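> My file is coords-v9.cif. It has mmCIF, C-alpha atoms:
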```cif
data_structure
loop_
_atom_site.label_atom_id
_atom_site.label_comp_id
_atom_site.auth_asym_id
_atom_site.auth_seq_id
_atom_site.Cartn_x
_atom_site.Cartn_y
_atom_site.Cartn_z
CA MET R 399 -194.27 64.06 85.85
CA TRP R 400 -195.04 67.54 84.66
CA ILE R 401 -197.13 67.56 81.49
CA ILE R 402 -198.15 70.00 78.79
CA LEU R 403 -200.65 68.53 76.35
CA VAL R 404 -201.85 70.26 73.18
CA TYR R 405 -204.40 68.82 70.82
CA ASP R 406 -205.80 69.53 67.39
CA VAL R 407 -208.73 67.22 66.76
CA GLY R 408 -211.73 67.25 64.42
CA GLU R 409 -214.70 69.34 65.54
CA LYS R 410 -216.87 66.30 66.24
CA ARG R 411 -214.38 64.98 68.77
CA VAL R 412 -213.39 68.21 70.55
CA ALA R 413 -216.04 68.05 73.30
CA LYS R 414 -215.24 64.43 74.17
CA VAL R 415 -211.49 65.02 74.26
CA LEU R 416 -211.92 68.17 76.37
CA LYS R 417 -214.17 66.38 78.88
CA TYR R 418 -211.82 63.40 79.06
CA LEU R 419 -208.70 65.50 79.66
CA ARG R 420 -210.41 67.62 82.32
CA GLY R 421 -210.49 64.46 84.41
CA TYR R 422 -206.69 64.37 84.53
CA LEU R 423 -205.18 67.77 83.77
CA ASN R 424 -205.85 71.49 84.12
CA TRP R 425 -207.20 73.34 81.12
CA ILE R 426 -205.10 76.47 80.59
CA GLN R 427 -206.03 77.69 77.12
CA ASN R 428 -207.92 76.65 74.02
CA SER R 429 -206.65 73.10 73.27
CA VAL R 430 -203.93 73.25 75.95
CA PHE R 431 -203.76 71.35 79.24
CA GLU R 432 -201.12 71.30 81.94
CA GLY R 433 -200.61 69.29 85.08
CA GLU R 434 -198.85 66.61 87.06
CA LEU R 435 -199.42 62.94 86.30
CA THR R 436 -197.69 59.80 87.41
CA TYR R 437 -196.14 57.70 84.65
CA ALA R 438 -199.03 55.21 85.02
CA GLU R 439 -201.63 57.97 84.74
CA LEU R 440 -199.94 59.30 81.61
CA GLN R 441 -200.09 55.85 80.00
CA LYS R 442 -203.79 55.68 80.88
CA VAL R 443 -204.45 59.11 79.36
CA LYS R 444 -202.62 58.11 76.18
CA THR R 445 -204.63 54.91 75.85
CA GLY R 446 -207.87 56.81 76.48
CA LEU R 447 -206.99 59.44 73.87
CA LYS R 448 -206.19 56.81 71.27
CA ARG R 449 -209.73 55.54 71.70
CA LEU R 450 -211.28 59.01 71.38
CA ILE R 451 -209.33 60.50 68.49
CA ARG R 452 -208.88 59.47 64.87
CA GLU R 453 -205.13 58.98 64.59
CA GLU R 454 -205.22 59.48 60.81
CA GLU R 455 -206.77 62.96 61.18
CA ASP R 456 -206.11 64.27 64.67
CA SER R 457 -202.95 65.24 66.52
CA VAL R 458 -202.05 65.29 70.20
CA ILE R 459 -198.62 66.41 71.39
CA ILE R 460 -197.53 65.60 74.93
CA PHE R 461 -194.49 67.26 76.48
CA SER R 462 -193.38 65.65 79.69
CA SER R 463 -190.57 66.23 82.13
CA ASN R 464 -189.55 64.80 85.46
CA ILE R 465 -188.27 68.18 86.57
CA SER R 466 -191.17 70.58 86.87
CA SER R 467 -189.31 73.18 88.88
CA ASP R 468 -187.08 74.29 86.04
CA TYR R 469 -189.70 75.64 83.75
CA LYS R 470 -191.22 79.06 83.81
CA LYS R 471 -194.67 80.01 82.58
CA GLU R 472 -195.51 83.50 81.44
CA ILE R 473 -198.81 84.77 80.14
CA ILE R 474 -199.19 87.74 77.82
CA GLY R 475 -202.74 89.03 77.64
CA LEU R 476 -205.56 87.08 79.24
CA ASN R 477 -205.21 84.19 81.62
CA LYS R 478 -208.07 82.18 80.11
CA ALA R 479 -208.01 79.56 82.85
CA GLU R 480 -208.59 82.25 85.50
CA GLU R 481 -211.30 83.84 83.41
CA THR R 482 -213.18 80.59 83.15
CA LYS R 483 -213.00 80.13 86.91
CA ILE R 484 -214.44 83.61 87.47
CA ILE R 485 -217.31 82.97 85.05
CA MET Z 1448 -183.66 78.57 76.28
CA TRP Z 1449 -186.13 75.95 75.20
CA ILE Z 1450 -189.57 77.42 74.49
CA ILE Z 1451 -193.10 76.18 73.97
CA LEU Z 1452 -195.47 78.95 72.99
CA VAL Z 1453 -199.24 78.56 72.66
CA TYR Z 1454 -201.58 81.31 71.58
CA ASP Z 1455 -205.30 81.96 71.41
CA VAL Z 1456 -205.88 85.22 69.57
CA GLY Z 1457 -208.81 86.77 67.72
CA GLU Z 1458 -209.35 85.63 64.15
CA LYS Z 1459 -208.29 88.98 62.68
CA ARG Z 1460 -204.86 88.70 64.31
CA VAL Z 1461 -204.11 84.99 63.75
CA ALA Z 1462 -202.32 85.38 60.40
CA LYS Z 1463 -200.06 88.19 61.66
CA VAL Z 1464 -199.15 86.35 64.87
CA LEU Z 1465 -198.46 83.14 62.94
CA LYS Z 1466 -196.21 84.91 60.46
CA TYR Z 1467 -194.38 86.79 63.19
CA LEU Z 1468 -193.70 83.67 65.28
CA ARG Z 1469 -192.51 81.69 62.25
CA GLY Z 1470 -189.57 84.09 62.17
CA TYR Z 1471 -188.38 82.84 65.56
CA LEU Z 1472 -189.82 79.42 66.38
CA ASN Z 1473 -190.96 76.18 64.75
CA TRP Z 1474 -194.66 75.68 64.18
CA ILE Z 1475 -195.62 72.26 65.50
CA GLN Z 1476 -199.41 72.30 65.66
CA ASN Z 1477 -202.38 74.63 65.34
CA SER Z 1478 -201.46 77.61 67.61
CA VAL Z 1479 -198.37 75.89 69.04
CA PHE Z 1480 -194.71 76.78 68.47
CA GLU Z 1481 -191.55 75.26 69.83
CA GLY Z 1482 -187.90 76.17 69.64
CA GLU Z 1483 -184.72 77.51 71.11
CA LEU Z 1484 -184.31 81.22 71.77
CA THR Z 1485 -181.76 83.22 73.67
CA TYR Z 1486 -183.07 85.27 76.57
CA ALA Z 1487 -182.69 88.42 74.45
CA GLU Z 1488 -184.60 86.87 71.56
CA LEU Z 1489 -187.41 85.84 73.90
CA GLN Z 1490 -187.70 89.41 75.19
CA LYS Z 1491 -187.88 90.62 71.59
CA VAL Z 1492 -190.61 88.08 70.74
CA LYS Z 1493 -192.62 89.14 73.79
CA THR Z 1494 -192.36 92.81 72.87
CA GLY Z 1495 -193.36 92.03 69.28
CA LEU Z 1496 -196.36 89.97 70.39
CA LYS Z 1497 -197.56 92.72 72.70
CA ARG Z 1498 -197.71 95.00 69.68
CA LEU Z 1499 -199.63 92.44 67.56
CA ILE Z 1500 -202.19 91.11 70.02
CA ARG Z 1501 -204.96 92.78 72.00
CA GLU Z 1502 -204.02 92.00 75.59
CA GLU Z 1503 -207.61 92.48 76.78
CA GLU Z 1504 -208.89 89.76 74.41
CA ASP Z 1505 -206.02 87.49 73.40
CA SER Z 1506 -203.82 85.10 75.31
CA VAL Z 1507 -200.27 83.87 74.76
CA ILE Z 1508 -198.64 81.39 77.13
CA ILE Z 1509 -194.88 80.91 77.00
CA PHE Z 1510 -193.23 77.98 78.77
CA SER Z 1511 -189.48 78.29 78.96
CA SER Z 1512 -186.71 76.22 80.45
CA ASN Z 1513 -182.96 76.36 80.49
CA ILE Z 1514 -182.74 72.59 80.40
CA SER Z 1515 -184.11 71.32 77.11
CA SER Z 1516 -182.67 67.84 77.39
CA ASP Z 1517 -184.97 66.74 80.19
CA TYR Z 1518 -188.23 66.98 78.37
CA LYS Z 1519 -189.77 64.37 76.17
CA LYS Z 1520 -192.17 65.00 73.29
CA GLU Z 1521 -194.62 62.38 72.14
CA ILE Z 1522 -197.13 62.67 69.32
CA ILE Z 1523 -200.34 60.65 69.14
CA GLY Z 1524 -201.92 60.73 65.69
CA LEU Z 1525 -200.59 63.09 63.05
CA ASN Z 1526 -197.35 65.01 63.18
CA LYS Z 1527 -198.81 68.17 61.64
CA ALA Z 1528 -195.44 69.87 61.32
CA GLU Z 1529 -194.12 66.99 59.20
CA GLU Z 1530 -197.30 66.95 57.11
CA THR Z 1531 -196.90 70.60 56.30
CA LYS Z 1532 -193.32 70.03 55.21
CA ILE Z 1533 -194.39 67.20 52.88
CA ILE Z 1534 -197.14 69.32 51.31
#
```
Please lay out the structure from this file as structure tokens.

Amino acid sequence: MWIILVYDVGEKRVAKVLKYLRGYLNWIQNSVFEGELTYAELQKVKTGLKRLIREEEDSVIIFSSNISSDYKKEIIGLNKAEETKII
Amino acid sequence: MWIILVYDVGEKRVAKVLKYLRGYLNWIQNSVFEGELTYAELQKVKTGLKRLIREEEDSVIIFSSNISSDYKKEIIGLNKAEETKII
């Protein structure tokens, strides 16, 4: 499945969430990850996130689709993922 | 077209970008918008954003698809868009 995941979590939990998600998806911008996961992997990521975040304060939105070929991605300005790789 | 737009822009430009995008898309989380736009509207939004942001510092990523029915959206934790409506 093709995934876009965006999060908005309290400052204290940002580093942990970022590190956790880097194990499964590609970081593409501040608080935004993208990638391919199997259904089982997605369930695992969701369970892991529920342990890391405070559901009464934080928010994670996961967009998923079985058809990754139909979407288009355009970047205006910097490609922050590329920048990070260069650094 | 179905659109997800995420931005990471300098602090000085956040308020302007937010206000501009609210005219076209639905705010769903910190720096994340979602919605339906025609191709012509999307071109207009892109042109408008290029005027508002500094392309050498800021980043806007636009995911678009012609098939909106195939994606699924899940929220873990707060639905910040709903919260804002309640407030």
> Work out how far apart CA of Val407 (chain R) and CA of Asn428 (chain R) are and give it in Å to one decimal.
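Straight-line distance from CA of Val407 (chain R) to CA of Asn428 (chain R) works out to 11.9 Å.
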> If the cut-off is 8 Å, can you tell me the residues of chain Z near chain R, counting only C-alpha atoms? I'd like them as a PyMOL selection string.
chain Z and resi 1453-1455+1476-1477+1479+1493+1497+1500-1514+1517-1527
> Could you please determine the separation between CA of Glu1481 (chain Z) and CA of Leu419 (chain R) in Å, to one decimal place?
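Atom-to-atom, CA of Glu1481 (chain Z) to CA of Leu419 (chain R), that is 22.0 Å.
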> Please measure the separation of CA of Gly1495 (chain Z) and CA of Tyr1471 (chain Z), giving the value in Å to one decimal.
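These atoms are spaced 11.1 Å apart.
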> I'd like the residues picked by the PyMOL selection byres ((chain Z and resi 1472) around 8) written out as a list in words, using the chain letters and numbers from the file.
Leu1468, Arg1469, Gly1470, Tyr1471, Asn1473, Trp1474, Phe1480, Glu1481, Gly1482, Glu1483 and Leu1484 of chain Z
> Between R:Gly408, R:Val415, R:Glu480, R:Tyr437, single out the one closest to Arg449 (chain R), counting all atoms listed in the file.
R:Val415
> Place N, CA and C atoms on region 416-432 of chain R and deliver the coordinates as a short mmCIF file (atom, residue, chain, number, x, y, z; two decimals), in the coordinates of the input.

```cif
data_model
loop_
_atom_site.label_atom_id
_atom_site.label_comp_id
_atom_site.auth_asym_id
_atom_site.auth_seq_id
_atom_site.Cartn_x
_atom_site.Cartn_y
_atom_site.Cartn_z
N LEU R 416 -211.98 67.14 75.32
CA LEU R 416 -211.92 68.17 76.37
C LEU R 416 -212.43 67.59 77.69
N LYS R 417 -213.57 66.94 77.67
CA LYS R 417 -214.17 66.38 78.88
C LYS R 417 -213.24 65.31 79.48
N TYR R 418 -212.71 64.47 78.61
CA TYR R 418 -211.82 63.40 79.06
C TYR R 418 -210.58 63.97 79.76
N LEU R 419 -209.95 64.95 79.11
CA LEU R 419 -208.70 65.50 79.66
C LEU R 419 -208.93 66.28 80.95
N ARG R 420 -210.09 66.89 81.09
CA ARG R 420 -210.41 67.62 82.32
C ARG R 420 -210.39 66.70 83.55
N GLY R 421 -210.55 65.42 83.31
CA GLY R 421 -210.49 64.46 84.41
C GLY R 421 -209.07 64.21 84.92
N TYR R 422 -208.09 64.66 84.16
CA TYR R 422 -206.69 64.37 84.53
C TYR R 422 -205.80 65.61 84.64
N LEU R 423 -206.10 66.62 83.84
CA LEU R 423 -205.18 67.77 83.77
C LEU R 423 -205.95 69.08 83.90
N ASN R 424 -205.22 70.17 84.02
CA ASN R 424 -205.85 71.49 84.12
C ASN R 424 -205.88 72.17 82.75
N TRP R 425 -207.05 72.62 82.39
CA TRP R 425 -207.20 73.34 81.12
C TRP R 425 -206.61 74.73 81.31
N ILE R 426 -205.70 75.13 80.41
CA ILE R 426 -205.10 76.47 80.59
C ILE R 426 -205.37 77.41 79.42
N GLN R 427 -205.71 76.85 78.28
CA GLN R 427 -206.03 77.69 77.12
C GLN R 427 -206.70 76.78 76.11
N ASN R 428 -207.37 77.39 75.14
CA ASN R 428 -207.92 76.65 74.02
C ASN R 428 -206.99 75.51 73.56
N SER R 429 -207.42 74.27 73.72
CA SER R 429 -206.65 73.10 73.27
C SER R 429 -205.34 72.83 74.02
N VAL R 430 -205.17 73.43 75.19
CA VAL R 430 -203.93 73.25 75.95
C VAL R 430 -204.23 72.86 77.40
N PHE R 431 -203.63 71.78 77.85
CA PHE R 431 -203.76 71.35 79.24
C PHE R 431 -202.38 71.26 79.87
N GLU R 432 -202.36 71.38 81.18
CA GLU R 432 -201.12 71.30 81.94
C GLU R 432 -201.39 70.56 83.24
#
```
